[in-house]
file coords.cif (mmCIF, C-alpha atoms)
data_data
loop_
_atom_site.group_PDB
_atom_site.id
_atom_site.type_symbol
_atom_site.label_atom_id
_atom_site.label_comp_id
_atom_site.auth_asym_id
_atom_site.auth_seq_id
_atom_site.Cartn_x
_atom_site.Cartn_y
_atom_site.Cartn_z
ATOM 1 C CA MET A 1190 -11.404 17.277 3.647
ATOM 2 C CA LEU A 1191 -13.988 14.493 3.633
ATOM 3 C CA SER A 1192 -15.322 15.616 0.249
ATOM 4 C CA GLN A 1193 -11.780 15.465 -1.161
ATOM 5 C CA ILE A 1194 -11.372 11.934 0.184
ATOM 6 C CA ILE A 1195 -14.672 10.823 -1.345
ATOM 7 C CA THR A 1196 -13.718 12.374 -4.691
ATOM 8 C CA CYS A 1197 -10.323 10.637 -4.613
ATOM 9 C CA VAL A 1198 -11.831 7.242 -3.740
ATOM 10 C CA PHE A 1199 -14.606 7.629 -6.331
ATOM 11 C CA SER A 1200 -11.964 8.369 -8.978
ATOM 12 C CA MET A 1201 -10.171 5.146 -8.054
ATOM 13 C CA LEU A 1202 -13.436 3.255 -8.429
ATOM 14 C CA ILE A 1203 -13.859 4.688 -11.942
ATOM 15 C CA TYR A 1204 -10.348 3.575 -12.904
ATOM 16 C CA MET A 1205 -11.112 0.071 -11.635
ATOM 17 C CA LEU A 1206 -14.316 0.046 -13.668
ATOM 18 C CA VAL A 1207 -12.306 0.969 -16.775
ATOM 19 C CA GLY A 1208 -10.064 -2.085 -16.337
ATOM 20 C CA TYR A 1209 -13.064 -4.301 -15.652
ATOM 21 C CA CYS A 1210 -14.899 -3.113 -18.780
ATOM 22 C CA LEU A 1211 -11.800 -3.450 -20.965
ATOM 23 C CA CYS A 1212 -11.582 -7.158 -20.202
ATOM 24 C CA LYS A 1213 -15.292 -7.845 -20.183
ATOM 25 C CA GLY A 1214 -15.556 -6.070 -23.551
ATOM 26 C CA LYS A 1215 -12.689 -8.230 -24.836
ATOM 27 C CA LEU A 1216 -10.607 -5.139 -25.655
ATOM 28 C CA ALA A 1217 -7.893 -6.477 -23.352
ATOM 29 C CA LYS A 1218 -7.013 -9.794 -21.745
ATOM 30 C CA VAL A 1219 -6.478 -10.456 -18.073
ATOM 31 C CA ASN A 1220 -2.935 -11.689 -18.722
ATOM 32 C CA HIS A 1221 -2.107 -8.199 -20.033
ATOM 33 C CA ALA A 1222 -2.181 -7.125 -16.393
ATOM 34 C CA GLN A 1223 1.127 -8.894 -15.800
ATOM 35 C CA GLY A 1224 3.042 -6.618 -18.175
ATOM 36 C CA MET A 1225 1.209 -3.568 -16.855
ATOM 37 C CA SER A 1226 2.160 -4.592 -13.310
ATOM 38 C CA ALA A 1227 5.840 -4.688 -14.318
ATOM 39 C CA LEU A 1228 5.504 -1.144 -15.670
ATOM 40 C CA LEU A 1229 3.812 -0.073 -12.448
ATOM 41 C CA ILE A 1230 6.393 -1.634 -10.131
ATOM 42 C CA TYR A 1231 9.623 -0.881 -11.975
ATOM 43 C CA ILE A 1232 8.902 2.463 -13.673
ATOM 44 C CA LEU A 1233 5.826 4.288 -12.398
ATOM 45 C CA GLY A 1234 6.278 3.473 -8.699
ATOM 46 C CA PRO A 1235 9.892 4.688 -8.557
ATOM 47 C CA ALA A 1236 8.906 7.804 -10.541
ATOM 48 C CA MET A 1237 6.213 8.525 -7.954
ATOM 49 C CA ILE A 1238 8.741 8.274 -5.116
ATOM 50 C CA ILE A 1239 11.343 10.448 -6.822
ATOM 51 C CA ASN A 1240 8.720 13.039 -7.745
ATOM 52 C CA SER A 1241 7.484 13.243 -4.142
ATOM 53 C CA PHE A 1242 10.971 14.129 -2.874
ATOM 54 C CA VAL A 1243 12.148 16.518 -5.598
ATOM 55 C CA ASN A 1244 9.049 18.679 -5.076
ATOM 56 C CA LEU A 1245 9.698 19.047 -1.352
ATOM 57 C CA ASP A 1246 11.733 21.881 0.179
ATOM 58 C CA TYR A 1247 14.607 20.571 2.276
ATOM 59 C CA SER A 1248 14.994 21.210 5.991
ATOM 60 C CA SER A 1249 16.557 19.156 8.753
ATOM 61 C CA GLU A 1250 13.172 19.016 10.522
ATOM 62 C CA THR A 1251 11.541 17.610 7.394
ATOM 63 C CA LEU A 1252 14.218 14.938 7.067
ATOM 64 C CA ILE A 1253 13.811 13.991 10.736
ATOM 65 C CA ASN A 1254 10.031 13.699 10.316
ATOM 66 C CA ILE A 1255 10.481 11.432 7.295
ATOM 67 C CA ALA A 1256 12.819 9.227 9.347
ATOM 68 C CA LYS A 1257 10.269 9.177 12.193
ATOM 69 C CA CYS A 1258 7.598 8.074 9.734
ATOM 70 C CA PHE A 1259 9.739 5.181 8.535
ATOM 71 C CA PHE A 1260 10.410 3.847 12.013
ATOM 72 C CA MET A 1261 6.899 4.458 13.338
ATOM 73 C CA THR A 1262 5.153 2.767 10.414
ATOM 74 C CA LEU A 1263 7.545 -0.162 10.735
ATOM 75 C CA LEU A 1264 6.746 -0.346 14.465
ATOM 76 C CA VAL A 1265 2.977 -0.148 13.893
ATOM 77 C CA GLN A 1266 3.065 -2.979 11.360
ATOM 78 C CA VAL A 1267 5.328 -5.229 13.419
ATOM 79 C CA LEU A 1268 3.345 -4.725 16.633
ATOM 80 C CA PHE A 1269 0.010 -5.435 14.949
ATOM 81 C CA PHE A 1270 1.439 -8.581 13.421
ATOM 82 C CA CYS A 1271 2.762 -9.624 16.850
ATOM 83 C CA LEU A 1272 -0.710 -9.079 18.281
ATOM 84 C CA LEU A 1273 -2.213 -11.325 15.613
ATOM 85 C CA TYR A 1274 0.530 -13.888 16.185
ATOM 86 C CA MET A 1275 -0.335 -14.072 19.895
ATOM 87 C CA PHE A 1276 -3.902 -15.108 19.072
ATOM 88 C CA LEU A 1277 -3.417 -17.140 15.910
ATOM 89 C CA ASN A 1278 -0.004 -18.825 16.028
ATOM 90 C CA ARG A 1279 -1.469 -22.207 16.988
ATOM 91 C CA LYS A 1280 -3.603 -22.077 13.848
ATOM 92 C CA TYR A 1281 -0.731 -21.292 11.482
ATOM 93 C CA VAL A 1282 -0.579 -24.910 10.378
ATOM 94 C CA ASP A 1283 -3.610 -23.850 8.309
ATOM 95 C CA SER A 1284 -2.259 -21.546 5.599
ATOM 96 C CA LYS A 1285 -5.409 -19.437 5.455
ATOM 97 C CA TYR A 1286 -4.618 -18.000 8.898
ATOM 98 C CA ARG A 1287 -1.179 -16.990 7.699
ATOM 99 C CA ILE A 1288 -2.760 -15.215 4.715
ATOM 100 C CA LEU A 1289 -5.127 -13.501 7.146
ATOM 101 C CA SER A 1290 -2.209 -12.225 9.229
ATOM 102 C CA ILE A 1291 -0.267 -10.644 6.384
ATOM 103 C CA GLY A 1292 -3.446 -9.477 4.645
ATOM 104 C CA ALA A 1293 -4.351 -7.547 7.787
ATOM 105 C CA VAL A 1294 -0.963 -5.794 7.917
ATOM 106 C CA LEU A 1295 0.456 -5.307 4.414
ATOM 107 C CA GLY A 1296 -1.442 -2.519 2.668
ATOM 108 C CA ASN A 1297 -1.411 -0.699 -0.646
ATOM 109 C CA VAL A 1298 0.277 2.271 1.025
ATOM 110 C CA GLY A 1299 2.061 3.523 -2.091
ATOM 111 C CA PHE A 1300 -0.056 3.287 -5.215
ATOM 112 C CA LEU A 1301 -3.297 4.033 -3.355
ATOM 113 C CA GLY A 1302 -1.982 5.471 -0.115
ATOM 114 C CA MET A 1303 -0.183 8.419 -1.650
ATOM 115 C CA PRO A 1304 -3.143 10.020 -3.470
ATOM 116 C CA VAL A 1305 -5.447 9.405 -0.509
ATOM 117 C CA VAL A 1306 -3.149 10.897 2.125
ATOM 118 C CA TYR A 1307 -2.400 13.821 -0.189
ATOM 119 C CA SER A 1308 -6.139 14.477 -0.543
ATOM 120 C CA VAL A 1309 -6.239 14.805 3.262
ATOM 121 C CA PHE A 1310 -3.328 17.277 3.267
ATOM 122 C CA PRO A 1311 -3.228 18.890 -0.213
ATOM 123 C CA ASP A 1312 -1.070 21.733 1.115
ATOM 124 C CA LYS A 1313 1.479 19.398 2.765
ATOM 125 C CA PRO A 1314 3.644 17.727 0.080
ATOM 126 C CA ILE A 1315 5.653 15.989 2.801
ATOM 127 C CA VAL A 1316 2.822 13.460 3.212
ATOM 128 C CA MET A 1317 3.716 11.984 -0.185
ATOM 129 C CA CYS A 1318 7.194 11.293 1.184
ATOM 130 C CA TYR A 1319 5.572 9.690 4.223
ATOM 131 C CA SER A 1320 3.798 7.310 1.848
ATOM 132 C CA SER A 1321 7.084 6.524 0.084
ATOM 133 C CA VAL A 1322 8.997 5.599 3.221
ATOM 134 C CA THR A 1323 6.017 3.596 4.492
ATOM 135 C CA VAL A 1324 6.368 1.462 1.355
ATOM 136 C CA MET A 1325 10.005 0.917 2.297
ATOM 137 C CA SER A 1326 9.151 -0.089 5.870
ATOM 138 C CA MET A 1327 6.501 -2.457 4.535
ATOM 139 C CA ASN A 1328 9.000 -4.045 2.136
ATOM 140 C CA LEU A 1329 11.170 -4.973 5.117
ATOM 141 C CA ILE A 1330 8.199 -6.937 6.443
ATOM 142 C CA VAL A 1331 7.199 -8.369 3.034
ATOM 143 C CA PHE A 1332 10.503 -10.160 2.438
ATOM 144 C CA THR A 1333 10.934 -11.348 6.016
ATOM 145 C CA ILE A 1334 7.706 -11.923 7.960
ATOM 146 C CA GLY A 1335 5.563 -11.876 4.810
ATOM 147 C CA VAL A 1336 7.519 -14.547 2.959
ATOM 148 C CA TYR A 1337 7.703 -16.664 6.102
ATOM 149 C CA MET A 1338 3.920 -16.451 6.554
ATOM 150 C CA ILE A 1339 3.327 -17.555 2.969
ATOM 151 C CA THR A 1340 5.806 -20.433 2.942
ATOM 152 C CA ASN A 1341 5.938 -21.359 6.643
ATOM 153 C CA ASP A 1342 9.657 -21.781 5.976
ATOM 154 C CA ARG A 1343 12.286 -19.384 7.384
ATOM 155 C CA SER A 1344 14.757 -20.284 4.620
ATOM 156 C CA TYR A 1345 12.743 -18.126 2.192
ATOM 157 C CA MET A 1346 13.233 -14.980 4.287
ATOM 158 C CA SER A 1347 15.483 -12.588 2.393
ATOM 159 C CA ILE A 1348 17.202 -9.513 3.824
ATOM 160 C CA LYS A 1349 18.564 -8.875 0.333
ATOM 161 C CA GLY A 1350 15.038 -8.765 -1.091
ATOM 162 C CA ALA A 1351 13.953 -6.467 1.718
ATOM 163 C CA VAL A 1352 16.757 -4.002 1.004
ATOM 164 C CA ILE A 1353 17.286 -4.267 -2.769
ATOM 165 C CA ASN A 1354 14.012 -3.561 -4.554
ATOM 166 C CA PRO A 1355 12.572 -0.795 -6.794
ATOM 167 C CA THR A 1356 11.340 1.222 -3.804
ATOM 168 C CA THR A 1357 14.721 1.278 -2.075
ATOM 169 C CA ILE A 1358 16.560 2.098 -5.299
ATOM 170 C CA ALA A 1359 14.150 4.980 -5.953
ATOM 171 C CA LEU A 1360 14.744 6.306 -2.426
ATOM 172 C CA ILE A 1361 18.521 6.009 -2.885
ATOM 173 C CA ILE A 1362 18.105 8.317 -5.881
ATOM 174 C CA ALA A 1363 15.481 10.608 -4.340
ATOM 175 C CA ILE A 1364 16.896 11.328 -0.885
ATOM 176 C CA PRO A 1365 20.284 12.720 -2.075
ATOM 177 C CA LEU A 1366 18.417 14.906 -4.574
ATOM 178 C CA PHE A 1367 16.255 16.138 -1.711
ATOM 179 C CA VAL A 1368 19.085 16.666 0.803
ATOM 180 C CA CYS A 1369 21.426 18.312 -1.723
ATOM 181 C CA ARG A 1370 18.564 20.409 -3.124
ATOM 182 C CA ILE A 1371 19.259 19.257 -6.658
ATOM 183 C CA GLN A 1372 16.561 20.129 -9.177
ATOM 184 C CA LEU A 1373 16.040 17.787 -12.103
ATOM 185 C CA PRO A 1374 16.325 19.402 -15.568
ATOM 186 C CA GLY A 1375 12.940 20.646 -16.795
ATOM 187 C CA PRO A 1376 12.153 17.934 -19.375
ATOM 188 C CA ILE A 1377 13.240 15.152 -16.997
ATOM 189 C CA ALA A 1378 11.267 16.627 -14.094
ATOM 190 C CA ASP A 1379 8.184 16.934 -16.301
ATOM 191 C CA SER A 1380 8.521 13.335 -17.493
ATOM 192 C CA VAL A 1381 8.925 12.019 -13.944
ATOM 193 C CA ALA A 1382 5.868 14.018 -12.834
ATOM 194 C CA VAL A 1383 3.742 12.591 -15.674
ATOM 195 C CA LEU A 1384 4.837 9.030 -14.873
ATOM 196 C CA ALA A 1385 4.065 9.630 -11.186
ATOM 197 C CA LYS A 1386 0.519 10.749 -12.010
ATOM 198 C CA MET A 1387 -0.071 7.477 -13.891
ATOM 199 C CA VAL A 1388 0.440 5.335 -10.786
ATOM 200 C CA THR A 1389 -3.053 5.338 -9.286
ATOM 201 C CA PRO A 1390 -4.955 4.961 -12.592
ATOM 202 C CA MET A 1391 -2.657 2.107 -13.654
ATOM 203 C CA CYS A 1392 -2.935 0.339 -10.282
ATOM 204 C CA MET A 1393 -6.727 0.502 -10.275
ATOM 205 C CA ILE A 1394 -7.065 -0.482 -13.937
ATOM 206 C CA ILE A 1395 -4.962 -3.585 -13.228
ATOM 207 C CA LEU A 1396 -7.149 -4.470 -10.243
ATOM 208 C CA GLY A 1397 -10.246 -3.979 -12.406
ATOM 209 C CA MET A 1398 -8.816 -6.332 -15.028
ATOM 210 C CA ARG A 1399 -8.146 -8.970 -12.384
ATOM 211 C CA LEU A 1400 -11.618 -8.458 -10.951
ATOM 212 C CA SER A 1401 -13.104 -9.255 -14.370
ATOM 213 C CA ALA A 1402 -11.712 -12.786 -14.120
ATOM 214 C CA ALA A 1403 -12.858 -13.361 -10.545
ATOM 215 C CA SER A 1404 -15.939 -15.298 -9.577
ATOM 216 C CA PHE A 1405 -18.240 -12.884 -7.741
ATOM 217 C CA LYS A 1406 -19.813 -15.814 -5.932
ATOM 218 C CA ALA A 1407 -16.414 -16.944 -4.632
ATOM 219 C CA LEU A 1408 -15.323 -13.367 -3.954
ATOM 220 C CA PHE A 1409 -18.269 -12.402 -1.763
ATOM 221 C CA ALA A 1410 -19.352 -15.781 -0.417
ATOM 222 C CA ARG A 1411 -16.257 -16.728 1.572
ATOM 223 C CA PRO A 1412 -16.848 -15.561 5.179
ATOM 224 C CA PHE A 1413 -13.195 -15.942 6.143
ATOM 225 C CA VAL A 1414 -12.216 -13.139 3.754
ATOM 226 C CA TYR A 1415 -14.489 -10.725 5.610
ATOM 227 C CA VAL A 1416 -12.502 -11.337 8.804
ATOM 228 C CA THR A 1417 -9.354 -10.205 7.014
ATOM 229 C CA CYS A 1418 -11.225 -7.193 5.605
ATOM 230 C CA ALA A 1419 -12.400 -6.172 9.070
ATOM 231 C CA LEU A 1420 -8.903 -6.481 10.501
ATOM 232 C CA LYS A 1421 -7.227 -4.574 7.667
ATOM 233 C CA LEU A 1422 -9.780 -1.838 7.039
ATOM 234 C CA ILE A 1423 -11.030 -1.219 10.581
ATOM 235 C CA ALA A 1424 -8.937 -2.833 13.327
ATOM 236 C CA PHE A 1425 -5.515 -1.923 11.912
ATOM 237 C CA PRO A 1426 -6.178 1.843 11.538
ATOM 238 C CA VAL A 1427 -7.750 1.936 15.015
ATOM 239 C CA PHE A 1428 -4.665 0.187 16.384
ATOM 240 C CA ALA A 1429 -2.407 2.685 14.570
ATOM 241 C CA LEU A 1430 -4.359 5.604 16.029
ATOM 242 C CA LEU A 1431 -4.146 4.248 19.578
ATOM 243 C CA LEU A 1432 -0.416 3.706 19.185
ATOM 244 C CA VAL A 1433 0.539 7.156 17.856
ATOM 245 C CA ARG A 1434 -2.162 9.454 19.226
ATOM 246 C CA TRP A 1435 -0.452 10.441 22.461
ATOM 247 C CA LEU A 1436 3.182 10.389 21.293
ATOM 248 C CA PRO A 1437 4.538 13.919 21.937
ATOM 249 C CA PHE A 1438 7.416 13.670 19.444
ATOM 250 C CA LEU A 1439 5.117 13.271 16.425
ATOM 251 C CA ASP A 1440 3.290 16.235 14.909
ATOM 252 C CA GLU A 1441 -0.375 16.016 13.955
ATOM 253 C CA VAL A 1442 0.274 15.752 10.213
ATOM 254 C CA LEU A 1443 2.556 12.763 10.726
ATOM 255 C CA LYS A 1444 0.160 11.082 13.168
ATOM 256 C CA THR A 1445 -2.770 11.501 10.807
ATOM 257 C CA SER A 1446 -0.734 10.296 7.819
ATOM 258 C CA ILE A 1447 0.233 7.098 9.649
ATOM 259 C CA VAL A 1448 -3.418 6.423 10.523
ATOM 260 C CA VAL A 1449 -4.703 7.186 7.001
ATOM 261 C CA LEU A 1450 -2.062 4.957 5.398
ATOM 262 C CA ALA A 1451 -3.136 2.175 7.772
ATOM 263 C CA MET A 1452 -6.634 2.421 6.246
ATOM 264 C CA MET A 1453 -5.464 1.253 2.826
ATOM 265 C CA PRO A 1454 -6.646 -2.121 1.465
ATOM 266 C CA SER A 1455 -4.381 -5.167 1.327
ATOM 267 C CA GLY A 1456 -1.530 -4.791 -1.131
ATOM 268 C CA ALA A 1457 -1.233 -6.763 -4.367
ATOM 269 C CA ILE A 1458 2.168 -7.998 -3.131
ATOM 270 C CA ILE A 1459 0.222 -10.554 -1.046
ATOM 271 C CA GLN A 1460 -1.284 -12.072 -4.173
ATOM 272 C CA SER A 1461 2.105 -12.024 -5.913
ATOM 273 C CA LEU A 1462 3.772 -13.883 -3.034
ATOM 274 C CA ALA A 1463 0.945 -16.416 -2.882
ATOM 275 C CA GLU A 1464 1.233 -17.114 -6.610
ATOM 276 C CA LEU A 1465 5.018 -17.314 -6.467
ATOM 277 C CA HIS A 1466 4.998 -19.854 -3.642
ATOM 278 C CA GLU A 1467 1.737 -21.591 -4.662
ATOM 279 C CA CYS A 1468 -0.025 -20.965 -1.368
ATOM 280 C CA GLU A 1469 -3.735 -20.059 -1.127
ATOM 281 C CA GLN A 1470 -3.653 -18.129 -4.425
ATOM 282 C CA GLU A 1471 -7.430 -17.788 -4.644
ATOM 283 C CA LEU A 1472 -7.761 -16.637 -1.034
ATOM 284 C CA ALA A 1473 -4.962 -14.078 -1.459
ATOM 285 C CA ALA A 1474 -6.564 -12.723 -4.638
ATOM 286 C CA ASN A 1475 -9.941 -12.497 -2.892
ATOM 287 C CA VAL A 1476 -8.407 -10.625 0.048
ATOM 288 C CA VAL A 1477 -6.749 -8.057 -2.226
ATOM 289 C CA LEU A 1478 -9.810 -7.525 -4.420
ATOM 290 C CA LEU A 1479 -12.428 -7.469 -1.671
ATOM 291 C CA THR A 1480 -10.493 -5.153 0.648
ATOM 292 C CA THR A 1481 -9.980 -2.811 -2.316
ATOM 293 C CA ILE A 1482 -13.676 -2.827 -3.213
ATOM 294 C CA LEU A 1483 -14.789 -2.326 0.404
ATOM 295 C CA SER A 1484 -12.193 0.412 0.967
ATOM 296 C CA VAL A 1485 -14.263 2.662 -1.292
ATOM 297 C CA VAL A 1486 -16.691 2.810 1.640
ATOM 298 C CA THR A 1487 -14.389 2.263 4.621
ATOM 299 C CA ILE A 1488 -11.724 4.874 3.826
ATOM 300 C CA PRO A 1489 -14.104 7.887 3.882
ATOM 301 C CA LEU A 1490 -15.928 6.383 6.876
ATOM 302 C CA MET A 1491 -12.733 5.776 8.864
ATOM 303 C CA VAL A 1492 -11.382 9.226 8.005
ATOM 304 C CA PHE A 1493 -14.637 10.747 9.271
ATOM 305 C CA ILE A 1494 -14.476 8.752 12.512
ATOM 306 C CA LEU A 1495 -10.749 8.780 13.290
ATOM 307 C CA VAL A 1496 -9.269 11.925 11.733
#
call {"tool": "encode", "arguments": {"input": "coords.cif", "output": "structure tokens"}}
result
Amino acid sequence: MLSQIITCVFSMLIYMLVGYCLCKGKLAKVNHAQGMSALLIYILGPAMIINSFVNLDYSSETLINIAKCFFMTLLVQVLFFCLLYMFLNRKYVDSKYRILSIGAVLGNVGFLGMPVVYSVFPDKPIVMCYSSVTVMSMNLIVFTIGVYMITNDRSYMSIKGAVINPTTIALIIAIPLFVCRIQLPGPIADSVAVLAKMVTPMCMIILGMRLSAASFKALFARPFVYVTCALKLIAFPVFALLLVRWLPFLDEVLKTSIVVLAMMPSGAIIQSLAELHECEQELAANVVLLTTILSVVTIPLMVFILV
């Protein structure tokens, strides 16, 4: 299992290097990443979610486990944020502490989480669905707690944004197909599968392109970012393990999936929110990039220690 994890993470590093070299070699521009991100979010991501459900055999137990995953991952994220809030709320007048809080909770659980958790359980396709519903639970936090942390203004919190987004729409399509055992026509199923396989390479290429424009001195020389990295890559998965380990109503595959998904680096949505609301854009970008780079080491290490 560990060798599969290392292979998966090493592949992601290669994809990132491709994006980095494209921009450094002036074969692409950093602003091209914006259009590629739209493709990733609105087409490839939903295809990945739909593909994960249509390839899964239906049973009531499977559906119940997927529902458990949604509520447990939501609970894990909310409780860890509450823990951070207890210690840091007096410092939230400084926006960097708010970035730290959401950077430590909101992870890249879809685009990176799905291939990693599947490499842990290659014979358990249900884990890809676990990744999908974890994205949905995270989106509920993104457009409520996440937006509030960025803006420090409750008026920006949006239940509509939390519910109506590409992930939710994809699940609205995928779950009825799964429950009703409807198979997509061959050419459509093949196309969806191909688009789904493009998710991780595209995500990492985009991050590599953005890395090419970053100042390595600023990226690695800001001590505060390392605090966020430690919380996201080490403390959060340990917290997730302690929370779910002794729960008798969760099976081992689900418990392990929740912990592995907690190991993922900070999600690019943090950078997007920071840019949208003009709050600590450089810090948010550094958090996303540095946690992603360090996760190449921490994910295999944490899997070895915790799983």
call {"tool": "residues_around", "arguments": {"input": "coords.cif", "residues": "region 1255-1257 of chain A", "least_positions_apart": "6", "cutoff": "10 Å", "atoms": "all atoms listed in the file", "output": "PyMOL selection string"}}
result
chain A and resi 1249+1263+1315-1316+1318-1323+1438-1439+1443
call {"tool": "write_last_selection", "arguments": {"input": "coords.cif", "atoms": "C-alpha atoms", "output": "short mmCIF file (atom, residue, chain, number, x, y, z; two decimals), keeping the file's coordinate frame"}}
result
data_model
loop_
_atom_site.label_atom_id
_atom_site.label_comp_id
_atom_site.auth_asym_id
_atom_site.auth_seq_id
_atom_site.Cartn_x
_atom_site.Cartn_y
_atom_site.Cartn_z
CA SER A 1249 16.56 19.16 8.75
CA LEU A 1263 7.54 -0.16 10.74
CA ILE A 1315 5.65 15.99 2.80
CA VAL A 1316 2.82 13.46 3.21
CA CYS A 1318 7.19 11.29 1.18
CA TYR A 1319 5.57 9.69 4.22
CA SER A 1320 3.80 7.31 1.85
CA SER A 1321 7.08 6.52 0.08
CA VAL A 1322 9.00 5.60 3.22
CA THR A 1323 6.02 3.60 4.49
CA PHE A 1438 7.42 13.67 19.44
CA LEU A 1439 5.12 13.27 16.42
CA LEU A 1443 2.56 12.76 10.73
#
call {"tool": "residues_near_point", "arguments": {"input": "coords.cif", "point": "(-0.8, 4.1, 5.9)", "cutoff": "9 Å", "atoms": "all atoms listed in the file", "output": "PyMOL selection string"}}
result
chain A and resi 1262+1296-1299+1302-1303+1306+1319-1320+1323-1324+1426+1429+1446-1453
call {"tool": "closest_residue", "arguments": {"input": "coords.cif", "among": "A:Val1243, A:Ile1238, A:Val1486, A:Leu1462", "to": "Ile1371 (chain A)", "atoms": "only C-alpha atoms"}}
result
A:Val1243
call {"tool": "closest_residue", "arguments": {"input": "coords.cif", "among": "A:Asn1240, A:Ile1482, A:Leu1202, A:Cys1212", "to": "Ile1377 (chain A)", "atoms": "only C-alpha atoms"}}
result
A:Asn1240
call {"tool": "closest_residue", "arguments": {"input": "coords.cif", "among": "A:Gly1397, A:Pro1489, A:Pro1390, A:Gly1350", "to": "Met1201 (chain A)", "atoms": "all atoms listed in the file"}}
result
A:Pro1390
call {"tool": "resolve_selection", "arguments": {"input": "coords.cif", "expression": "the PyMOL selection byres ((chain A and resi 1355) around 8)", "output": "PyMOL selection string"}}
result
chain A and resi 1230-1231+1234-1235+1353-1354+1356-1359
call {"tool": "resolve_selection", "arguments": {"input": "coords.cif", "expression": "the PyMOL selection byres ((chain A and resi 1267) around 12)", "output": "ChimeraX atom specification"}}
result
/A:1260-1266,1268-1274,1290-1291,1293-1295,1326-1331,1333-1335,1425,1428-1429
call {"tool": "atom_distance", "arguments": {"input": "coords.cif", "atom1": "CA of His1221 (chain A)", "atom2": "CA of Phe1405 (chain A)"}}
result
20.8 Å
call {"tool": "closest_residue", "arguments": {"input": "coords.cif", "among": "A:Leu1479, A:Met1205, A:Leu1191, A:Met1338", "to": "Ala1410 (chain A)", "atoms": "only C-alpha atoms"}}
result
A:Leu1479
call {"tool": "atom_distance", "arguments": {"input": "coords.cif", "atom1": "CA of Val1414 (chain A)", "atom2": "CA of Thr1340 (chain A)"}}
result
19.5 Å
call {"tool": "atom_distance", "arguments": {"input": "coords.cif", "atom1": "CA of Ala1351 (chain A)", "atom2": "CA of Glu1467 (chain A)"}}
result
20.5 Å
call {"tool": "closest_residue", "arguments": {"input": "coords.cif", "among": "A:Leu1432, A:Leu1233, A:Ile1361, A:Leu1301", "to": "Gly1456 (chain A)", "atoms": "all atoms listed in the file"}}
result
A:Leu1301
call {"tool": "closest_residue", "arguments": {"input": "coords.cif", "among": "A:Ala1463, A:Val1477, A:Ile1348, A:Val1383", "to": "Leu1408 (chain A)", "atoms": "all atoms listed in the file"}}
result
A:Val1477
call {"tool": "decode", "arguments": {"input": "coords.cif", "residues": "region 1207-1220 of chain A", "atoms": "N, CA and C atoms", "output": "PDB file, in the first residue's frame"}}
result
ATOM      1  N   VAL A1207       5.651  19.479 -14.891  1.00  0.00           N
ATOM      2  CA  VAL A1207       5.282  19.775 -16.275  1.00  0.00           C
ATOM      3  C   VAL A1207       4.729  21.193 -16.391  1.00  0.00           C
ATOM      4  N   GLY A1208       3.802  21.554 -15.507  1.00  0.00           N
ATOM      5  CA  GLY A1208       3.234  22.904 -15.525  1.00  0.00           C
ATOM      6  C   GLY A1208       4.275  23.968 -15.258  1.00  0.00           C
ATOM      7  N   TYR A1209       5.171  23.675 -14.325  1.00  0.00           N
ATOM      8  CA  TYR A1209       6.248  24.619 -13.991  1.00  0.00           C
ATOM      9  C   TYR A1209       7.154  24.854 -15.201  1.00  0.00           C
ATOM     10  N   CYS A1210       7.541  23.773 -15.874  1.00  0.00           N
ATOM     11  CA  CYS A1210       8.454  23.874 -17.015  1.00  0.00           C
ATOM     12  C   CYS A1210       7.780  24.544 -18.219  1.00  0.00           C
ATOM     13  N   LEU A1211       6.486  24.310 -18.384  1.00  0.00           N
ATOM     14  CA  LEU A1211       5.765  24.951 -19.487  1.00  0.00           C
ATOM     15  C   LEU A1211       5.862  26.470 -19.395  1.00  0.00           C
ATOM     16  N   CYS A1212       5.669  26.983 -18.184  1.00  0.00           N
ATOM     17  CA  CYS A1212       5.710  28.443 -18.008  1.00  0.00           C
ATOM     18  C   CYS A1212       7.137  28.977 -18.005  1.00  0.00           C
ATOM     19  N   LYS A1213       8.029  28.273 -17.358  1.00  0.00           N
ATOM     20  CA  LYS A1213       9.412  28.721 -17.339  1.00  0.00           C
ATOM     21  C   LYS A1213      10.037  28.670 -18.729  1.00  0.00           C
ATOM     22  N   GLY A1214       9.577  27.712 -19.557  1.00  0.00           N
ATOM     23  CA  GLY A1214      10.063  27.616 -20.933  1.00  0.00           C
ATOM     24  C   GLY A1214       9.316  28.504 -21.893  1.00  0.00           C
ATOM     25  N   LYS A1215       8.395  29.322 -21.344  1.00  0.00           N
ATOM     26  CA  LYS A1215       7.600  30.272 -22.123  1.00  0.00           C
ATOM     27  C   LYS A1215       6.759  29.600 -23.212  1.00  0.00           C
ATOM     28  N   LEU A1216       6.372  28.335 -22.947  1.00  0.00           N
ATOM     29  CA  LEU A1216       5.445  27.634 -23.843  1.00  0.00           C
ATOM     30  C   LEU A1216       4.002  27.879 -23.413  1.00  0.00           C
ATOM     31  N   ALA A1217       3.835  28.403 -22.223  1.00  0.00           N
ATOM     32  CA  ALA A1217       2.514  28.776 -21.706  1.00  0.00           C
ATOM     33  C   ALA A1217       2.700  29.955 -20.765  1.00  0.00           C
ATOM     34  N   LYS A1218       1.613  30.657 -20.501  1.00  0.00           N
ATOM     35  CA  LYS A1218       1.646  31.792 -19.583  1.00  0.00           C
ATOM     36  C   LYS A1218       0.860  31.444 -18.324  1.00  0.00           C
ATOM     37  N   VAL A1219       1.252  32.069 -17.236  1.00  0.00           N
ATOM     38  CA  VAL A1219       0.599  31.781 -15.961  1.00  0.00           C
ATOM     39  C   VAL A1219      -0.891  32.086 -16.023  1.00  0.00           C
ATOM     40  N   ASN A1220      -1.269  33.148 -16.765  1.00  0.00           N
ATOM     41  CA  ASN A1220      -2.699  33.481 -16.820  1.00  0.00           C
ATOM     42  C   ASN A1220      -3.520  32.445 -17.590  1.00  0.00           C
TER      43      ASN A1220
END
